[in-house]
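All remarks here apply to the structure that follows.
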Amino acid sequence: MKDGFLERFSVFAQKIGAQIHLRSLRDSFATIMPLYILAGLATLLNNVFFTPDGFLASIFLASTIEKWRLWGNLITNGTLNISAVLVAVALAYHLSSNRRVKNLIAPIIVAVSCLIVLLPALDSVVVPGTKDTLMISNVILFSKIGTMGMFAGIFVGLFATELFLKLSKNKRLQINIGQGVPPAVGQSFNIMIPAFIVIGSFSFVSFILQAFLDTNCITLISTLIQEPLKTINTSLPGYILIYSFGNFFFTMGIHQAVINGPLLDPILLSNISENMIAYSQGAPIPNIINYSFQSVYGLTGGTGNTIGLLIAIFLFSKYKVYRDIGKLALAPGLFNINEPVIFGIPIVFNISLIIPFVLSPAICLIIAYFATAWGFISPCVVLIPWTTPPILSAFLATGGDWRAVVLQILLISGTALFYLPFLKMSERIVKVEMEGKEIGK
């Protein structure tokens, strides 16, 4: 009965992971992740090297350093500050690809157009050097297509693409101009009416909001969807619950990214983006929980903070099988890749190790949260690759705070001690099972 429940649970989890919209969302953020990491590196350069009080100040004039900051700002503008556009494009592509659509460029073009028509035609900006605001028209502001517009990009990428794909299948809406024309021309006529309908519908909604309700879609989506989700998903209890639930799925053989990716990644990336912008401007850092915070304190050695398990194996285990697996898993584990541990020891369906695998990241994240909130360590302000090795990850993510490195070392040590009794328990169970098999022979 127990095996039947686990099997049904695994099937259910696999269906969730295979859901086309969640899968497309997960793939989209994986696609644009390198651009966010590049933005993080640009932020790090601008605030560590190209600063008036940095070590380069003794070599170059302040005016020269300020000019070099423009390089980092341009990178940020081309990556972080167009988050909504990047997400809309990636989602339109992956959703269409998962639907096995041949003409992949058409949904992307329609999605970008739909996102643009949602932007306000009239907006206010602060006059530099003053507190006065100035109304401007027909200008695309980075503030609207950056992190604030990320959920608008998700909305457009999903709904506009789905609507367009369904309408495109309707042969009555296709214009067939016959043979003898270039394929690109024929395809453009086939999708002309569906594109008119989709873009026209989105622009009409935007028109109603701006002309009669004195608001716009970007602000509305941010206020009604993005901010409430941030409040829930990045509150400490909500975040720990979702993240731990995803880790528990991993012990059932379902990768944690299946659950955590769609639910947490958009919010965590938005939070680290806001932190990077605030850090570059010298403003207070708004978000403790963000993508880098998770990587630094909840992913050391991989999901489950299994670098602690490897340390426990090398220091305290005499069981040859575990030590051999540990040797094979050490190199990838230093880059937070731990499938050799999860499926080699294994942790999957291993009741003894499921408990520390799920609880140790939660404990570390809670400790790091309060250490940040109470000012013992700096918040994470730079987006780093999740494969960045421990120690280095804490230093880079916090903009060079050595205290975060010390905390990460202490957490890794504590995790190793936490894994130890469960590791011994697992060893005893395996040995008994092996002896039972030999006696049975």
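By convention here, the chains of the structure tokens are called A, B, ... in the order presented, each chain's residues are numbered starting at 1, and ligands are numbered starting at 1 in the order presented.
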Proximity of range 184-299 of chain A to range 152-167 of chain A: per-residue shortest pair, 10 Å limit, only C-alpha atoms, as a Markdown table:
```
| residue | atom | partner | partner_atom | distance |
| --- | --- | --- | --- | --- |
| A:Ile191 | CA | A:Phe164 | CA | 8.6 |
| A:Ile193 | CA | A:Leu167 | CA | 8.6 |
| A:Pro194 | CA | A:Leu167 | CA | 5.4 |
| A:Ala195 | CA | A:Phe164 | CA | 6.6 |
| A:Phe196 | CA | A:Phe164 | CA | 9.6 |
| A:Ile197 | CA | A:Phe164 | CA | 8.3 |
| A:Val198 | CA | A:Phe164 | CA | 6.2 |
| A:Ile199 | CA | A:Ala160 | CA | 8.2 |
| A:Ser201 | CA | A:Ala160 | CA | 9.5 |
| A:Phe202 | CA | A:Ala160 | CA | 8.1 |
| A:Cys217 | CA | A:Ala152 | CA | 7.6 |
| A:Ile218 | CA | A:Ala152 | CA | 5.9 |
| A:Thr219 | CA | A:Ala152 | CA | 9.0 |
| A:Leu220 | CA | A:Ala152 | CA | 9.1 |
| A:Ile221 | CA | A:Ala152 | CA | 6.2 |
| A:Ser222 | CA | A:Ala152 | CA | 7.5 |
| A:Ile225 | CA | A:Ala152 | CA | 9.4 |
| A:Gln226 | CA | A:Ala152 | CA | 8.8 |
| A:Pro266 | CA | A:Ile154 | CA | 8.9 |
```
Q: Enumerate, as a ChimeraX atom specification, the complete set of residues in range 105-304 of chain A that a backbone-based DSSP assignment places in helix (DSSP H, G or I).
A: /A:105-117,142-145,147-168,171-173,183-190,192-212,217-233,236-250,257-281,291-298
Item to check | Residue with smallest distance to Ile313 in chain A - pool A:Pro237, A:Pro421, A:Gly40, A:Gly399, counting only C-alpha atoms | outcome: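 Closest candidate: A:Pro421.
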The residue from A:Val341, A:Ala106, A:Val296, A:Ile288 with the smallest atom-to-atom distance to Arg323 in chain A, counting only C-alpha atoms, is A:Val341
CA of Gln187 in chain A to CA of Ser203 in chain A measures 23.4 Å
Item to check | Pick from A:Met150, A:Val89, A:Ala257, A:Ile337, whichever lies nearest to Thr300 in chain A using only C-alpha atoms | outcome: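 Checking each of A:Met150, A:Val89, A:Ala257, A:Ile337 against Thr300 in chain A, counting only C-alpha atoms, the winner is A:Ile337.
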(message) List the spatial neighbours of Arg69 in chain A as a PyMOL selection string - criterion: any atom at most 9 Å away, only C-alpha atoms, same-chain residues fewer than 6 positions off excluded.
(response) chain A and resi 42+45-47+50-51
Shortest contact to Gly301 in chain A, candidates A:Val125, A:Ala371, A:Leu269, A:Ile391, atoms counted only C-alpha atoms, goes to A:Ile391
message = For a quick check of understanding, using only C-alpha atoms, which of A:Ile366, A:Lys102, A:Ile267, A:Phe250 has the smallest distance to Ile232 in chain A?
response =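 Closest to Ile232 in chain A of all the choices is A:Ile267.
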Quiz item: Quick one: residues within 12 Å of Tyr279 in chain A, only C-alpha atoms counted, chain neighbours fewer than 2 positions away excluded, as a PyMOL selection string?
Solution: chain A and resi 40+42-48+272-277+281-287+378-383+397-399
Could you write out the selected residues, including N, CA and C atoms, as a short mmCIF file (atom, residue, chain, number, x, y, z; two decimals), in the first residue's frame?
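Saved result, selection.cif, follows:
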```
data_model
loop_
_atom_site.label_atom_id
_atom_site.label_comp_id
_atom_site.auth_asym_id
_atom_site.auth_seq_id
_atom_site.Cartn_x
_atom_site.Cartn_y
_atom_site.Cartn_z
N GLY A 40 24.52 40.78 -13.31
CA GLY A 40 25.11 40.71 -11.98
C GLY A 40 26.59 41.02 -11.99
N ALA A 42 28.08 42.89 -14.20
CA ALA A 42 28.20 44.32 -14.48
C ALA A 42 27.97 45.14 -13.21
N THR A 43 27.00 44.72 -12.42
CA THR A 43 26.74 45.41 -11.14
C THR A 43 27.93 45.28 -10.21
N LEU A 44 28.53 44.09 -10.18
CA LEU A 44 29.70 43.87 -9.32
C LEU A 44 30.86 44.74 -9.76
N LEU A 45 31.10 44.84 -11.06
CA LEU A 45 32.18 45.69 -11.57
C LEU A 45 31.95 47.15 -11.20
N ASN A 46 30.73 47.62 -11.40
CA ASN A 46 30.43 49.03 -11.14
C ASN A 46 30.55 49.40 -9.68
N ASN A 47 30.30 48.45 -8.80
CA ASN A 47 30.26 48.79 -7.38
C ASN A 47 31.45 48.28 -6.58
N VAL A 48 32.35 47.58 -7.24
CA VAL A 48 33.57 47.14 -6.57
C VAL A 48 34.80 47.80 -7.20
N ILE A 272 16.15 39.83 -6.87
CA ILE A 272 17.59 40.09 -7.00
C ILE A 272 17.82 41.21 -8.01
N SER A 273 16.94 41.34 -8.99
CA SER A 273 17.06 42.45 -9.94
C SER A 273 16.87 43.78 -9.23
N GLU A 274 15.86 43.86 -8.36
CA GLU A 274 15.63 45.08 -7.58
C GLU A 274 16.82 45.37 -6.67
N ASN A 275 17.40 44.32 -6.10
CA ASN A 275 18.57 44.51 -5.23
C ASN A 275 19.76 45.05 -6.01
N MET A 276 19.97 44.52 -7.21
CA MET A 276 21.10 44.98 -8.01
C MET A 276 20.94 46.45 -8.41
N ILE A 277 19.72 46.82 -8.74
CA ILE A 277 19.46 48.22 -9.10
C ILE A 277 19.69 49.13 -7.89
N GLN A 281 22.72 52.01 -7.21
CA GLN A 281 22.35 53.40 -6.93
C GLN A 281 22.69 53.83 -5.50
N GLY A 282 23.25 52.92 -4.72
CA GLY A 282 23.57 53.23 -3.34
C GLY A 282 22.36 53.37 -2.45
N ALA A 283 21.25 52.77 -2.86
CA ALA A 283 19.99 52.85 -2.10
C ALA A 283 19.88 51.65 -1.15
N PRO A 284 18.97 51.71 -0.17
CA PRO A 284 18.74 50.56 0.73
C PRO A 284 18.33 49.32 -0.07
N ILE A 285 18.82 48.18 0.35
CA ILE A 285 18.52 46.93 -0.35
C ILE A 285 17.15 46.43 0.08
N PRO A 286 16.21 46.22 -0.86
CA PRO A 286 14.83 45.94 -0.47
C PRO A 286 14.51 44.50 -0.10
N ASN A 287 15.26 43.51 -0.65
CA ASN A 287 14.82 42.12 -0.52
C ASN A 287 15.90 41.22 0.07
N SER A 378 25.71 41.13 5.04
CA SER A 378 25.10 41.95 3.99
C SER A 378 24.12 41.11 3.18
N PRO A 379 23.08 41.74 2.65
CA PRO A 379 22.15 41.01 1.78
C PRO A 379 22.81 40.66 0.46
N CYS A 380 22.25 39.71 -0.23
CA CYS A 380 22.76 39.32 -1.55
C CYS A 380 22.32 40.37 -2.57
N VAL A 381 23.28 40.91 -3.29
CA VAL A 381 23.00 42.02 -4.21
C VAL A 381 23.53 41.77 -5.61
N VAL A 382 24.12 40.61 -5.85
CA VAL A 382 24.66 40.28 -7.17
C VAL A 382 24.14 38.91 -7.57
N LEU A 383 23.61 38.81 -8.78
CA LEU A 383 23.16 37.51 -9.27
C LEU A 383 24.36 36.70 -9.73
N ALA A 397 28.18 37.12 -4.11
CA ALA A 397 26.75 37.48 -4.06
C ALA A 397 26.49 38.67 -3.15
N THR A 398 27.29 38.81 -2.09
CA THR A 398 27.08 39.91 -1.14
C THR A 398 27.94 41.12 -1.45
N GLY A 399 28.57 41.12 -2.61
CA GLY A 399 29.41 42.26 -2.98
C GLY A 399 30.70 42.31 -2.20
#
```
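Candidate residues A:Ile289, A:Gln256, A:Leu423, A:Pro390 were compared for distance to Tyr319 in chain A, and the nearest is A:Leu423, using only C-alpha atoms.
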Excluding Leu359 in chain A and its own-chain neighbours fewer than 2 positions away, which residues fall within 10 Å of it when counting only C-alpha atoms? Please give them as an NGL selection string. :A and (240 or 244 or 247-248 or 304-305 or 354-357 or 361-365 or 415 or 418)
Selected residues, N, CA, C and O atoms, written as a compact mmCIF listing (two decimals), in the first residue's frame, please.
```txt
# COMPACT_ATOMS: atom_id res chain seq x y z
N ILE A 240 9.97 29.16 2.64
CA ILE A 240 10.53 27.92 3.19
C ILE A 240 9.62 26.74 2.87
O ILE A 240 10.09 25.64 2.53
N SER A 244 11.01 23.79 0.52
CA SER A 244 11.13 22.48 1.14
C SER A 244 10.26 21.45 0.44
O SER A 244 10.64 20.28 0.30
N ASN A 247 12.10 20.32 -2.57
CA ASN A 247 13.17 19.40 -2.21
C ASN A 247 12.63 18.02 -1.86
O ASN A 247 13.25 17.00 -2.17
N PHE A 248 11.46 17.98 -1.20
CA PHE A 248 10.85 16.69 -0.89
C PHE A 248 10.48 15.95 -2.18
O PHE A 248 10.64 14.73 -2.26
N GLY A 304 19.49 20.24 -1.19
CA GLY A 304 19.67 19.51 0.06
C GLY A 304 20.94 19.87 0.79
O GLY A 304 21.26 19.24 1.81
N ASN A 305 21.70 20.86 0.27
CA ASN A 305 22.99 21.23 0.89
C ASN A 305 23.87 20.00 1.12
O ASN A 305 24.43 19.81 2.20
N ILE A 354 16.16 11.40 3.79
CA ILE A 354 15.17 12.37 3.32
C ILE A 354 15.02 13.52 4.32
O ILE A 354 14.92 14.69 3.96
N ILE A 355 15.04 13.18 5.62
CA ILE A 355 14.82 14.19 6.66
C ILE A 355 15.88 15.29 6.62
O ILE A 355 15.54 16.48 6.51
N PRO A 356 17.18 14.98 6.68
CA PRO A 356 18.17 16.07 6.61
C PRO A 356 18.22 16.73 5.24
O PRO A 356 18.54 17.92 5.13
N PHE A 357 17.90 15.98 4.19
CA PHE A 357 17.91 16.54 2.84
C PHE A 357 16.89 17.67 2.71
O PHE A 357 17.15 18.69 2.07
N PRO A 361 18.48 22.56 4.26
CA PRO A 361 18.41 23.85 3.56
C PRO A 361 17.46 24.82 4.25
O PRO A 361 17.75 26.03 4.31
N ALA A 362 16.33 24.31 4.76
CA ALA A 362 15.37 25.19 5.43
C ALA A 362 16.00 25.84 6.65
O ALA A 362 15.84 27.06 6.87
N ILE A 363 16.72 25.07 7.44
CA ILE A 363 17.37 25.60 8.64
C ILE A 363 18.42 26.65 8.27
O ILE A 363 18.49 27.73 8.87
N CYS A 364 19.23 26.33 7.26
CA CYS A 364 20.28 27.27 6.84
C CYS A 364 19.68 28.57 6.31
O CYS A 364 20.18 29.67 6.59
N LEU A 365 18.62 28.46 5.54
CA LEU A 365 17.98 29.65 4.98
C LEU A 365 17.36 30.52 6.07
O LEU A 365 17.43 31.75 6.01
N THR A 415 25.66 21.67 8.85
CA THR A 415 24.93 20.73 8.00
C THR A 415 25.59 19.35 8.03
O THR A 415 24.91 18.32 8.07
N PHE A 418 24.59 17.74 11.14
CA PHE A 418 23.18 17.38 11.10
C PHE A 418 22.95 16.11 10.28
O PHE A 418 22.12 15.26 10.62
```
Hey, what does DSSP flag as strand (DSSP E) within range 110-346 of chain A? Can you give it to me as a PDB file with all heavy atoms, in the first residue's frame?
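Contents of selection-v7.pdb, freshly written:
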```pdb
ATOM      1  N   LEU A 122       1.264  57.625 -21.900  1.00  0.00           N
ATOM      2  CA  LEU A 122       1.675  58.818 -21.169  1.00  0.00           C
ATOM      3  C   LEU A 122       2.165  58.396 -19.796  1.00  0.00           C
ATOM      4  O   LEU A 122       1.476  57.669 -19.079  1.00  0.00           O
ATOM      5  CB  LEU A 122       0.497  59.786 -21.026  1.00  0.00           C
ATOM      6  CG  LEU A 122       0.778  61.142 -20.376  1.00  0.00           C
ATOM      7  CD1 LEU A 122       1.706  61.973 -21.260  1.00  0.00           C
ATOM      8  CD2 LEU A 122      -0.536  61.891 -20.118  1.00  0.00           C
ATOM      9  N   ASP A 123       3.363  58.820 -19.445  1.00  0.00           N
ATOM     10  CA  ASP A 123       3.932  58.405 -18.164  1.00  0.00           C
ATOM     11  C   ASP A 123       4.704  59.564 -17.547  1.00  0.00           C
ATOM     12  O   ASP A 123       5.011  60.550 -18.216  1.00  0.00           O
ATOM     13  CB  ASP A 123       4.857  57.209 -18.351  1.00  0.00           C
ATOM     14  CG  ASP A 123       4.852  56.279 -17.149  1.00  0.00           C
ATOM     15  OD1 ASP A 123       4.532  56.754 -16.036  1.00  0.00           O
ATOM     16  OD2 ASP A 123       5.171  55.089 -17.312  1.00  0.00           O
ATOM     17  N   SER A 124       5.004  59.412 -16.269  1.00  0.00           N
ATOM     18  CA  SER A 124       5.729  60.470 -15.557  1.00  0.00           C
ATOM     19  C   SER A 124       7.138  60.017 -15.225  1.00  0.00           C
ATOM     20  O   SER A 124       7.369  58.838 -14.936  1.00  0.00           O
ATOM     21  CB  SER A 124       4.992  60.836 -14.264  1.00  0.00           C
ATOM     22  OG  SER A 124       4.921  59.718 -13.396  1.00  0.00           O
ATOM     23  N   VAL A 125       8.071  60.951 -15.282  1.00  0.00           N
ATOM     24  CA  VAL A 125       9.457  60.695 -14.910  1.00  0.00           C
ATOM     25  C   VAL A 125       9.920  61.802 -13.974  1.00  0.00           C
ATOM     26  O   VAL A 125       9.395  62.916 -14.003  1.00  0.00           O
ATOM     27  CB  VAL A 125      10.384  60.631 -16.146  1.00  0.00           C
ATOM     28  CG1 VAL A 125      10.032  59.461 -17.034  1.00  0.00           C
ATOM     29  CG2 VAL A 125      10.318  61.932 -16.928  1.00  0.00           C
ATOM     30  N   VAL A 126      10.877  61.459 -13.144  1.00  0.00           N
ATOM     31  CA  VAL A 126      11.447  62.447 -12.228  1.00  0.00           C
ATOM     32  C   VAL A 126      12.549  63.212 -12.943  1.00  0.00           C
ATOM     33  O   VAL A 126      13.430  62.614 -13.571  1.00  0.00           O
ATOM     34  CB  VAL A 126      12.001  61.758 -10.958  1.00  0.00           C
ATOM     35  CG1 VAL A 126      12.648  62.784 -10.034  1.00  0.00           C
ATOM     36  CG2 VAL A 126      10.898  60.997 -10.239  1.00  0.00           C
ATOM     37  N   THR A 133       8.277  66.017 -11.165  1.00  0.00           N
ATOM     38  CA  THR A 133       7.936  65.021 -12.168  1.00  0.00           C
ATOM     39  C   THR A 133       7.526  65.696 -13.454  1.00  0.00           C
ATOM     40  O   THR A 133       6.983  66.805 -13.459  1.00  0.00           O
ATOM     41  CB  THR A 133       6.795  64.110 -11.682  1.00  0.00           C
ATOM     42  OG1 THR A 133       5.648  64.911 -11.391  1.00  0.00           O
ATOM     43  CG2 THR A 133       7.212  63.326 -10.446  1.00  0.00           C
ATOM     44  N   LEU A 134       7.788  64.998 -14.549  1.00  0.00           N
ATOM     45  CA  LEU A 134       7.483  65.529 -15.871  1.00  0.00           C
ATOM     46  C   LEU A 134       6.710  64.460 -16.633  1.00  0.00           C
ATOM     47  O   LEU A 134       7.103  63.292 -16.671  1.00  0.00           O
ATOM     48  CB  LEU A 134       8.776  65.872 -16.608  1.00  0.00           C
ATOM     49  CG  LEU A 134       8.639  66.374 -18.050  1.00  0.00           C
ATOM     50  CD1 LEU A 134       7.952  67.743 -18.056  1.00  0.00           C
ATOM     51  CD2 LEU A 134      10.014  66.449 -18.708  1.00  0.00           C
ATOM     52  N   MET A 135       5.600  64.833 -17.245  1.00  0.00           N
ATOM     53  CA  MET A 135       4.799  63.903 -18.035  1.00  0.00           C
ATOM     54  C   MET A 135       5.375  63.821 -19.444  1.00  0.00           C
ATOM     55  O   MET A 135       5.622  64.861 -20.089  1.00  0.00           O
ATOM     56  CB  MET A 135       3.341  64.356 -18.090  1.00  0.00           C
ATOM     57  CG  MET A 135       2.656  64.459 -16.732  1.00  0.00           C
ATOM     58  SD  MET A 135       2.694  62.911 -15.783  1.00  0.00           S
ATOM     59  CE  MET A 135       1.686  61.854 -16.842  1.00  0.00           C
ATOM     60  N   ILE A 136       5.609  62.622 -19.911  1.00  0.00           N
ATOM     61  CA  ILE A 136       6.129  62.408 -21.259  1.00  0.00           C
ATOM     62  C   ILE A 136       5.249  61.392 -21.973  1.00  0.00           C
ATOM     63  O   ILE A 136       4.602  60.554 -21.336  1.00  0.00           O
ATOM     64  CB  ILE A 136       7.597  61.923 -21.239  1.00  0.00           C
ATOM     65  CG1 ILE A 136       7.726  60.642 -20.407  1.00  0.00           C
ATOM     66  CG2 ILE A 136       8.515  62.994 -20.705  1.00  0.00           C
ATOM     67  CD1 ILE A 136       9.106  60.038 -20.452  1.00  0.00           C
ATOM     68  N   SER A 137       5.222  61.449 -23.285  1.00  0.00           N
ATOM     69  CA  SER A 137       4.374  60.550 -24.067  1.00  0.00           C
ATOM     70  C   SER A 137       5.189  59.805 -25.103  1.00  0.00           C
ATOM     71  O   SER A 137       6.247  60.270 -25.553  1.00  0.00           O
ATOM     72  CB  SER A 137       3.258  61.342 -24.758  1.00  0.00           C
ATOM     73  OG  SER A 137       3.801  62.281 -25.671  1.00  0.00           O
TER      74      SER A 137
END
```
